[in-house]
Structures are given as structure tokens and as C-alpha cells.
file work26.tsv (TSV, C-alpha atoms)
chain	number	residue	atom	x	y	z
A	3	MET	CA	10.06	2.12	24.51
A	4	ALA	CA	7.55	4.70	23.27
A	5	ALA	CA	9.80	5.72	20.37
A	6	GLU	CA	10.04	2.10	19.26
A	7	PHE	CA	6.24	1.88	19.34
A	8	PHE	CA	6.00	4.74	16.84
A	9	LEU	CA	8.77	3.33	14.64
A	10	PHE	CA	7.75	-0.35	14.69
A	11	ALA	CA	3.97	-0.08	15.03
A	12	VAL	CA	2.50	3.34	14.19
A	13	PHE	CA	4.60	4.11	11.09
A	14	PRO	CA	4.18	0.65	9.49
A	15	LEU	CA	0.48	0.58	10.41
A	16	LEU	CA	-0.11	3.95	8.73
A	17	LEU	CA	1.74	2.71	5.65
A	18	ALA	CA	-0.34	-0.49	5.60
A	19	VAL	CA	-3.57	1.49	5.91
A	20	ALA	CA	-2.49	3.81	3.08
A	21	ALA	CA	-1.55	0.85	0.87
A	22	GLY	CA	-4.76	-1.03	1.62
A	23	TRP	CA	-6.91	2.02	1.07
A	24	ASP	CA	-5.20	2.76	-2.23
A	25	LEU	CA	-5.51	-0.86	-3.34
A	26	ALA	CA	-9.22	-0.92	-2.55
A	27	SER	CA	-10.24	2.52	-3.79
A	28	PHE	CA	-7.37	4.16	-5.71
A	29	THR	CA	-7.44	6.93	-3.10
A	30	ILE	CA	-5.45	7.74	0.02
A	31	PRO	CA	-7.17	9.98	2.57
A	32	ASN	CA	-5.29	13.14	3.53
A	33	ALA	CA	-5.73	12.10	7.16
A	34	ILE	CA	-3.15	9.34	6.65
A	35	SER	CA	-0.48	11.77	5.42
A	36	ILE	CA	-1.34	14.16	8.25
A	37	ALA	CA	-1.09	11.28	10.73
A	38	LEU	CA	2.36	10.40	9.35
A	39	VAL	CA	3.54	13.95	10.04
A	40	ALA	CA	1.96	14.08	13.50
A	41	ALA	CA	3.39	10.68	14.42
A	42	PHE	CA	6.85	11.76	13.28
A	43	ILE	CA	6.65	14.88	15.43
A	44	ALA	CA	5.65	12.77	18.44
A	45	PHE	CA	8.44	10.30	17.64
A	46	ALA	CA	11.04	13.09	17.38
A	47	VAL	CA	9.92	14.64	20.68
A	48	ILE	CA	9.89	11.31	22.53
A	49	LEU	CA	13.29	10.40	21.11
A	50	ARG	CA	14.63	13.91	21.83
A	51	MET	CA	16.02	14.09	18.34
A	52	ASN	CA	18.70	16.67	17.66
A	53	PRO	CA	17.12	19.76	16.02
A	54	GLY	CA	19.59	19.48	13.15
A	55	LEU	CA	18.49	15.91	12.45
A	56	VAL	CA	14.84	16.95	12.65
A	57	GLY	CA	15.68	19.69	10.13
A	58	PHE	CA	17.16	17.17	7.71
A	59	HIS	CA	14.04	15.03	8.02
A	60	LEU	CA	11.87	18.08	7.37
A	61	LEU	CA	14.03	18.88	4.35
A	62	ALA	CA	13.52	15.32	3.07
A	63	GLY	CA	9.76	15.70	3.42
A	64	PHE	CA	9.83	19.05	1.62
A	65	VAL	CA	12.04	17.78	-1.22
A	66	ALA	CA	9.79	14.74	-1.61
A	67	LEU	CA	6.72	16.98	-1.67
A	68	VAL	CA	8.23	19.11	-4.46
A	69	ILE	CA	9.22	16.00	-6.44
A	70	GLY	CA	5.86	14.37	-5.79
A	71	PHE	CA	3.88	17.35	-6.96
A	72	GLY	CA	6.12	17.61	-10.00
A	73	LEU	CA	5.25	14.01	-10.86
A	74	PHE	CA	1.60	14.78	-10.14
A	75	ALA	CA	1.69	17.80	-12.46
A	76	LEU	CA	3.11	15.57	-15.20
A	77	GLY	CA	0.30	13.08	-14.62
A	78	TYR	CA	2.52	10.23	-13.44
A	79	ILE	CA	1.09	9.89	-9.94
A	80	GLY	CA	-1.91	11.11	-8.01
A	81	GLY	CA	-1.90	14.00	-5.55
A	82	ALA	CA	-2.45	11.67	-2.62
A	83	ASP	CA	0.57	9.61	-3.74
A	84	ALA	CA	2.66	12.81	-3.71
A	85	LYS	CA	1.53	13.60	-0.16
A	86	LEU	CA	2.15	10.03	1.00
A	87	PHE	CA	5.62	10.15	-0.56
A	88	ALA	CA	6.38	13.35	1.36
A	89	GLY	CA	4.99	12.07	4.67
A	90	THR	CA	6.98	8.88	4.34
A	91	ALA	CA	10.15	10.72	3.30
A	92	LEU	CA	9.85	12.74	6.50
A	93	TRP	CA	10.34	9.48	8.40
A	94	ILE	CA	12.99	8.05	6.08
A	95	GLY	CA	15.15	11.16	6.14
A	96	PHE	CA	17.30	12.95	3.62
A	97	SER	CA	20.26	10.56	3.77
A	98	ASP	CA	18.06	7.63	2.69
A	99	LEU	CA	15.65	9.51	0.44
A	100	LEU	CA	17.25	8.33	-2.79
A	101	SER	CA	17.21	4.69	-1.65
A	102	TYR	CA	13.56	5.06	-0.67
A	103	ALA	CA	12.65	6.61	-4.02
A	104	LEU	CA	14.53	3.84	-5.85
A	105	PHE	CA	12.87	1.00	-3.93
A	106	ALA	CA	9.46	2.65	-4.29
A	107	ALA	CA	10.01	3.03	-8.05
A	108	VAL	CA	11.10	-0.59	-8.43
A	109	SER	CA	8.12	-1.72	-6.33
A	110	GLY	CA	5.84	0.44	-8.46
A	111	GLY	CA	7.24	-1.06	-11.64
A	112	ALA	CA	6.80	-4.59	-10.32
A	113	LEU	CA	3.24	-3.79	-9.24
A	114	ALA	CA	2.47	-2.30	-12.65
A	115	LEU	CA	3.80	-5.38	-14.45
A	116	LEU	CA	1.85	-7.65	-12.12
A	117	LEU	CA	-1.37	-5.75	-12.71
A	118	ILE	CA	-0.85	-5.56	-16.47
A	119	GLY	CA	-0.36	-9.34	-16.53
A	120	ALA	CA	-3.30	-10.02	-14.24
A	121	ARG	CA	-5.54	-7.73	-16.29
A	122	GLN	CA	-4.90	-9.89	-19.34
A	123	LEU	CA	-6.47	-12.88	-17.61
A	124	PRO	CA	-10.22	-13.30	-17.18
A	125	LEU	CA	-11.42	-12.59	-13.66
A	126	PRO	CA	-13.43	-15.42	-12.07
A	127	GLY	CA	-17.09	-14.54	-11.57
A	128	PHE	CA	-17.01	-14.73	-7.79
A	129	LEU	CA	-14.26	-12.08	-7.77
A	130	LEU	CA	-16.22	-9.81	-10.11
A	131	ARG	CA	-18.77	-9.39	-7.33
A	132	GLU	CA	-16.13	-7.59	-5.28
A	133	ALA	CA	-16.17	-4.02	-6.60
A	134	TRP	CA	-12.63	-3.19	-5.53
A	135	ILE	CA	-11.22	-6.30	-7.23
A	136	ALA	CA	-13.15	-5.59	-10.42
A	137	ARG	CA	-11.87	-1.99	-10.37
A	138	LEU	CA	-8.30	-3.17	-9.75
A	139	HIS	CA	-8.63	-5.63	-12.66
A	140	ASP	CA	-10.02	-3.00	-15.03
A	141	GLY	CA	-7.42	-2.06	-17.63
A	142	LYS	CA	-8.65	1.55	-17.54
A	143	SER	CA	-7.74	1.83	-13.85
A	144	GLY	CA	-4.43	3.20	-12.80
A	145	ILE	CA	-1.81	1.72	-10.52
A	146	PRO	CA	-2.26	2.08	-6.74
A	147	TYR	CA	1.22	3.53	-6.13
A	148	GLY	CA	0.50	3.85	-2.41
A	149	VAL	CA	1.26	0.12	-2.25
A	150	ALA	CA	4.68	0.68	-3.84
A	151	LEU	CA	5.43	3.69	-1.64
A	152	ALA	CA	4.64	1.68	1.48
A	153	ALA	CA	6.69	-1.30	0.30
A	154	GLY	CA	9.67	0.89	-0.51
A	155	ALA	CA	9.55	2.52	2.91
A	156	LEU	CA	9.37	-0.78	4.75
A	157	VAL	CA	12.36	-2.13	2.80
A	158	VAL	CA	14.50	0.94	3.51
A	159	LEU	CA	13.40	1.59	7.11
A	160	PRO	CA	15.80	-0.87	8.81
A	161	HIS	CA	18.73	0.92	7.13
A	162	THR	CA	17.78	4.46	8.19
A	163	ASP	CA	19.36	6.76	10.73
A	164	ILE	CA	16.19	6.90	12.82
A	165	PHE	CA	16.07	3.13	13.01
A	166	ARG	CA	19.60	2.99	14.40
A	167	LEU	CA	18.92	5.97	16.67
A	168	ALA	CA	15.75	4.45	18.10
A	169	LEU	CA	17.48	1.15	18.79
A	170	SER	CA	20.41	2.86	20.51
A	171	GLN	CA	18.17	4.63	23.06
call {"tool": "encode", "arguments": {"input": "work26.tsv", "output": "C-alpha cells"}}
result
Amino acid sequence: MAAEFFLFAVFPLLLAVAAGWDLASFTIPNAISIALVAAFIAFAVILRMNPGLVGFHLLAGFVALVIGFGLFALGYIGGADAKLFAGTALWIGFSDLLSYALFAAVSGGALALLLIGARQLPLPGFLLREAWIARLHDGKSGIPYGVALAAGALVVLPHTDIFRLALSQ
């Protein structure tokens, strides 16, 4: 039961907090990525995951970190997005990493198109008073990719090895 709590409550809650924080401020605190790693370790211990499987999840996190920082170095995403991608990939695992990256990319593209379209429309005055909405509407602002990373993870999660493993316990 405790493993399911981490998988169905803690992991999605951390993703929701990261997405919300990014949406409101275009930042993701490092504490969220650290919490993702700590929660995965607790999850793996509670579930008594095979060390080999834990190793593949660690490899997924490392590969995602390398890819994320490559994208950061090229200026495509922020450093916090790279860390969130890695922390989430740790949960998703190596076998589903490509699916996660694909769904996150598609979600990011959809979010970008939505924001580009919304930014073409005038913002009602009562919404301009909300600083985070005005910043989100500003054409000079970036795209809060933490939202896309969280969405991609939640779409892929039910198809992952850890999902099946947690349900079989």
C-alpha cells in the first residue's frame, strides 16, 4: 500500500507542483527535483525493487540529465527543466524513456502553439492584474516546459514497468 501511495500520490503531486510553479513563475525549484529522487528511492526500497531494475531507472535518469543539459546548453530549455526531466525519467525508467520524451515533446509543442495563439489575443484587464498571467501572456516570455514534462509523465506512467510492478505487489 505504501508503494502505491508514492506512485499514485507523491509522484503526481510533485509533478503537479512543478508544473504549477513553472506556469506561475517560469521557474522550478531544485527542491522538487530532489524530492522526486528521494521519493523514488523510498518507493524502490518499499517495493523491494530488484537492484538491476533500480540500475536501469538510475541509467534513465542519468541519460535524461545528459540530454536535458545538452538541450539547456543549446538554449532550448531551462536548467530546471533539464533537472525535472531527469528526476521524472528516473521514475519512468529506461524502457519507457523514449515514449516519455515523445509525449513531453508533443505536449510542449501543443503548449507552445496554445500560448502563441493566446498571446495574439488581448488580455482582459482583470487578468492583467494577475502578474503571473500577464507574464505568461507576454510574447517575450518563454514556454513553461515543466507543464509539458509533467503531462508527458502522467500520460506514460500507466504503461511503465513500475506501474505494473506496484500493482502486482
call {"tool": "closest_residue", "arguments": {"input": "work26.tsv", "among": "A:Leu25, A:Leu99, A:Ile30, A:Leu9", "to": "Ala84 of chain A", "atoms": "all atoms listed in the file"}}
result
A:Ile30
call {"tool": "closest_residue", "arguments": {"input": "work26.tsv", "among": "A:Ile48, A:Ser101, A:Asp140, A:Gly148", "to": "Gly81 of chain A", "atoms": "only C-alpha atoms"}}
result
A:Gly148
call {"tool": "closest_residue", "arguments": {"input": "work26.tsv", "among": "A:Phe10, A:Phe71, A:Phe105, A:Phe165", "to": "Leu86 of chain A", "atoms": "all atoms listed in the file"}}
result
A:Phe71
call {"tool": "residues_near_point", "arguments": {"input": "work26.tsv", "point": "(7.8, -2.5, -8.8)", "cutoff": "12 Å", "atoms": "only C-alpha atoms", "output": "JSON, numbers by chain"}}
result
{"A": [103, 104, 105, 106, 107, 108, 109, 110, 111, 112, 113, 114, 115, 116, 117, 118, 145, 146, 147, 148, 149, 150, 151, 152, 153, 154]}
call {"tool": "closest_residue", "arguments": {"input": "work26.tsv", "among": "A:Gly144, A:Ile135, A:Leu61, A:Leu92", "to": "Tyr78 of chain A", "atoms": "all atoms listed in the file"}}
result
A:Gly144
call {"tool": "atom_distance", "arguments": {"input": "work26.tsv", "atom1": "atom CA of Gly89 of chain A", "atom2": "atom CA of Ser143 of chain A"}}
result
24.7 Å
call {"tool": "residues_near_point", "arguments": {"input": "work26.tsv", "point": "(-3.2, 10.7, 2.2)", "cutoff": "9 Å", "atoms": "all atoms listed in the file", "output": "list in words"}}
result
Ala20, Thr29, Ile30, Pro31, Asn32, Ala33, Ile34, Ser35, Ile36, Ala37, Gly81, Ala82, Asp83, Ala84, Lys85, Leu86 and Gly89 of chain A
call {"tool": "decode", "arguments": {"input": "work26.tsv", "residues": "segment 13-38 of chain A", "atoms": "N, CA and C atoms", "output": "short mmCIF file (atom, residue, chain, number, x, y, z; two decimals), in the first residue's frame"}}
result
data_model
loop_
_atom_site.label_atom_id
_atom_site.label_comp_id
_atom_site.auth_asym_id
_atom_site.auth_seq_id
_atom_site.Cartn_x
_atom_site.Cartn_y
_atom_site.Cartn_z
N PHE A 13 4.35 11.04 -6.48
CA PHE A 13 4.92 11.35 -7.80
C PHE A 13 4.03 12.32 -8.58
N PRO A 14 2.73 12.04 -8.73
CA PRO A 14 1.88 13.01 -9.46
C PRO A 14 1.79 14.37 -8.76
N LEU A 15 1.78 14.38 -7.44
CA LEU A 15 1.72 15.65 -6.71
C LEU A 15 2.98 16.48 -6.97
N LEU A 16 4.14 15.84 -6.94
CA LEU A 16 5.38 16.57 -7.23
C LEU A 16 5.38 17.10 -8.66
N LEU A 17 4.87 16.32 -9.59
CA LEU A 17 4.77 16.80 -10.98
C LEU A 17 3.82 17.98 -11.08
N ALA A 18 2.69 17.90 -10.38
CA ALA A 18 1.71 19.00 -10.42
C ALA A 18 2.30 20.27 -9.81
N VAL A 19 3.03 20.12 -8.72
CA VAL A 19 3.67 21.29 -8.09
C VAL A 19 4.69 21.90 -9.04
N ALA A 20 5.50 21.05 -9.68
CA ALA A 20 6.50 21.55 -10.63
C ALA A 20 5.82 22.29 -11.79
N ALA A 21 4.77 21.69 -12.33
CA ALA A 21 4.05 22.31 -13.46
C ALA A 21 3.43 23.64 -13.03
N GLY A 22 2.77 23.65 -11.89
CA GLY A 22 2.14 24.87 -11.40
C GLY A 22 3.15 25.97 -11.12
N TRP A 23 4.24 25.58 -10.52
CA TRP A 23 5.29 26.56 -10.19
C TRP A 23 5.87 27.15 -11.47
N ASP A 24 6.11 26.29 -12.46
CA ASP A 24 6.66 26.75 -13.73
C ASP A 24 5.67 27.65 -14.45
N LEU A 25 4.42 27.28 -14.43
CA LEU A 25 3.38 28.08 -15.07
C LEU A 25 3.29 29.47 -14.44
N ALA A 26 3.40 29.53 -13.13
CA ALA A 26 3.24 30.80 -12.42
C ALA A 26 4.49 31.66 -12.41
N SER A 27 5.66 31.04 -12.52
CA SER A 27 6.89 31.84 -12.33
C SER A 27 7.99 31.57 -13.35
N PHE A 28 7.80 30.61 -14.25
CA PHE A 28 8.83 30.20 -15.19
C PHE A 28 10.09 29.72 -14.47
N THR A 29 9.90 29.16 -13.29
CA THR A 29 10.98 28.53 -12.55
C THR A 29 10.46 27.23 -11.93
N ILE A 30 11.38 26.33 -11.64
CA ILE A 30 11.07 25.11 -10.91
C ILE A 30 12.14 24.97 -9.84
N PRO A 31 11.75 25.03 -8.57
CA PRO A 31 12.76 24.92 -7.51
C PRO A 31 13.51 23.58 -7.56
N ASN A 32 14.79 23.63 -7.26
CA ASN A 32 15.60 22.41 -7.21
C ASN A 32 15.03 21.41 -6.22
N ALA A 33 14.38 21.90 -5.19
CA ALA A 33 13.82 21.02 -4.15
C ALA A 33 12.83 20.02 -4.75
N ILE A 34 12.14 20.40 -5.80
CA ILE A 34 11.17 19.48 -6.42
C ILE A 34 11.90 18.33 -7.10
N SER A 35 12.96 18.62 -7.83
CA SER A 35 13.73 17.56 -8.47
C SER A 35 14.40 16.66 -7.43
N ILE A 36 14.89 17.27 -6.38
CA ILE A 36 15.49 16.48 -5.29
C ILE A 36 14.43 15.60 -4.63
N ALA A 37 13.24 16.14 -4.43
CA ALA A 37 12.15 15.36 -3.84
C ALA A 37 11.75 14.20 -4.74
N LEU A 38 11.78 14.39 -6.07
CA LEU A 38 11.50 13.29 -6.99
C LEU A 38 12.49 12.15 -6.81
#
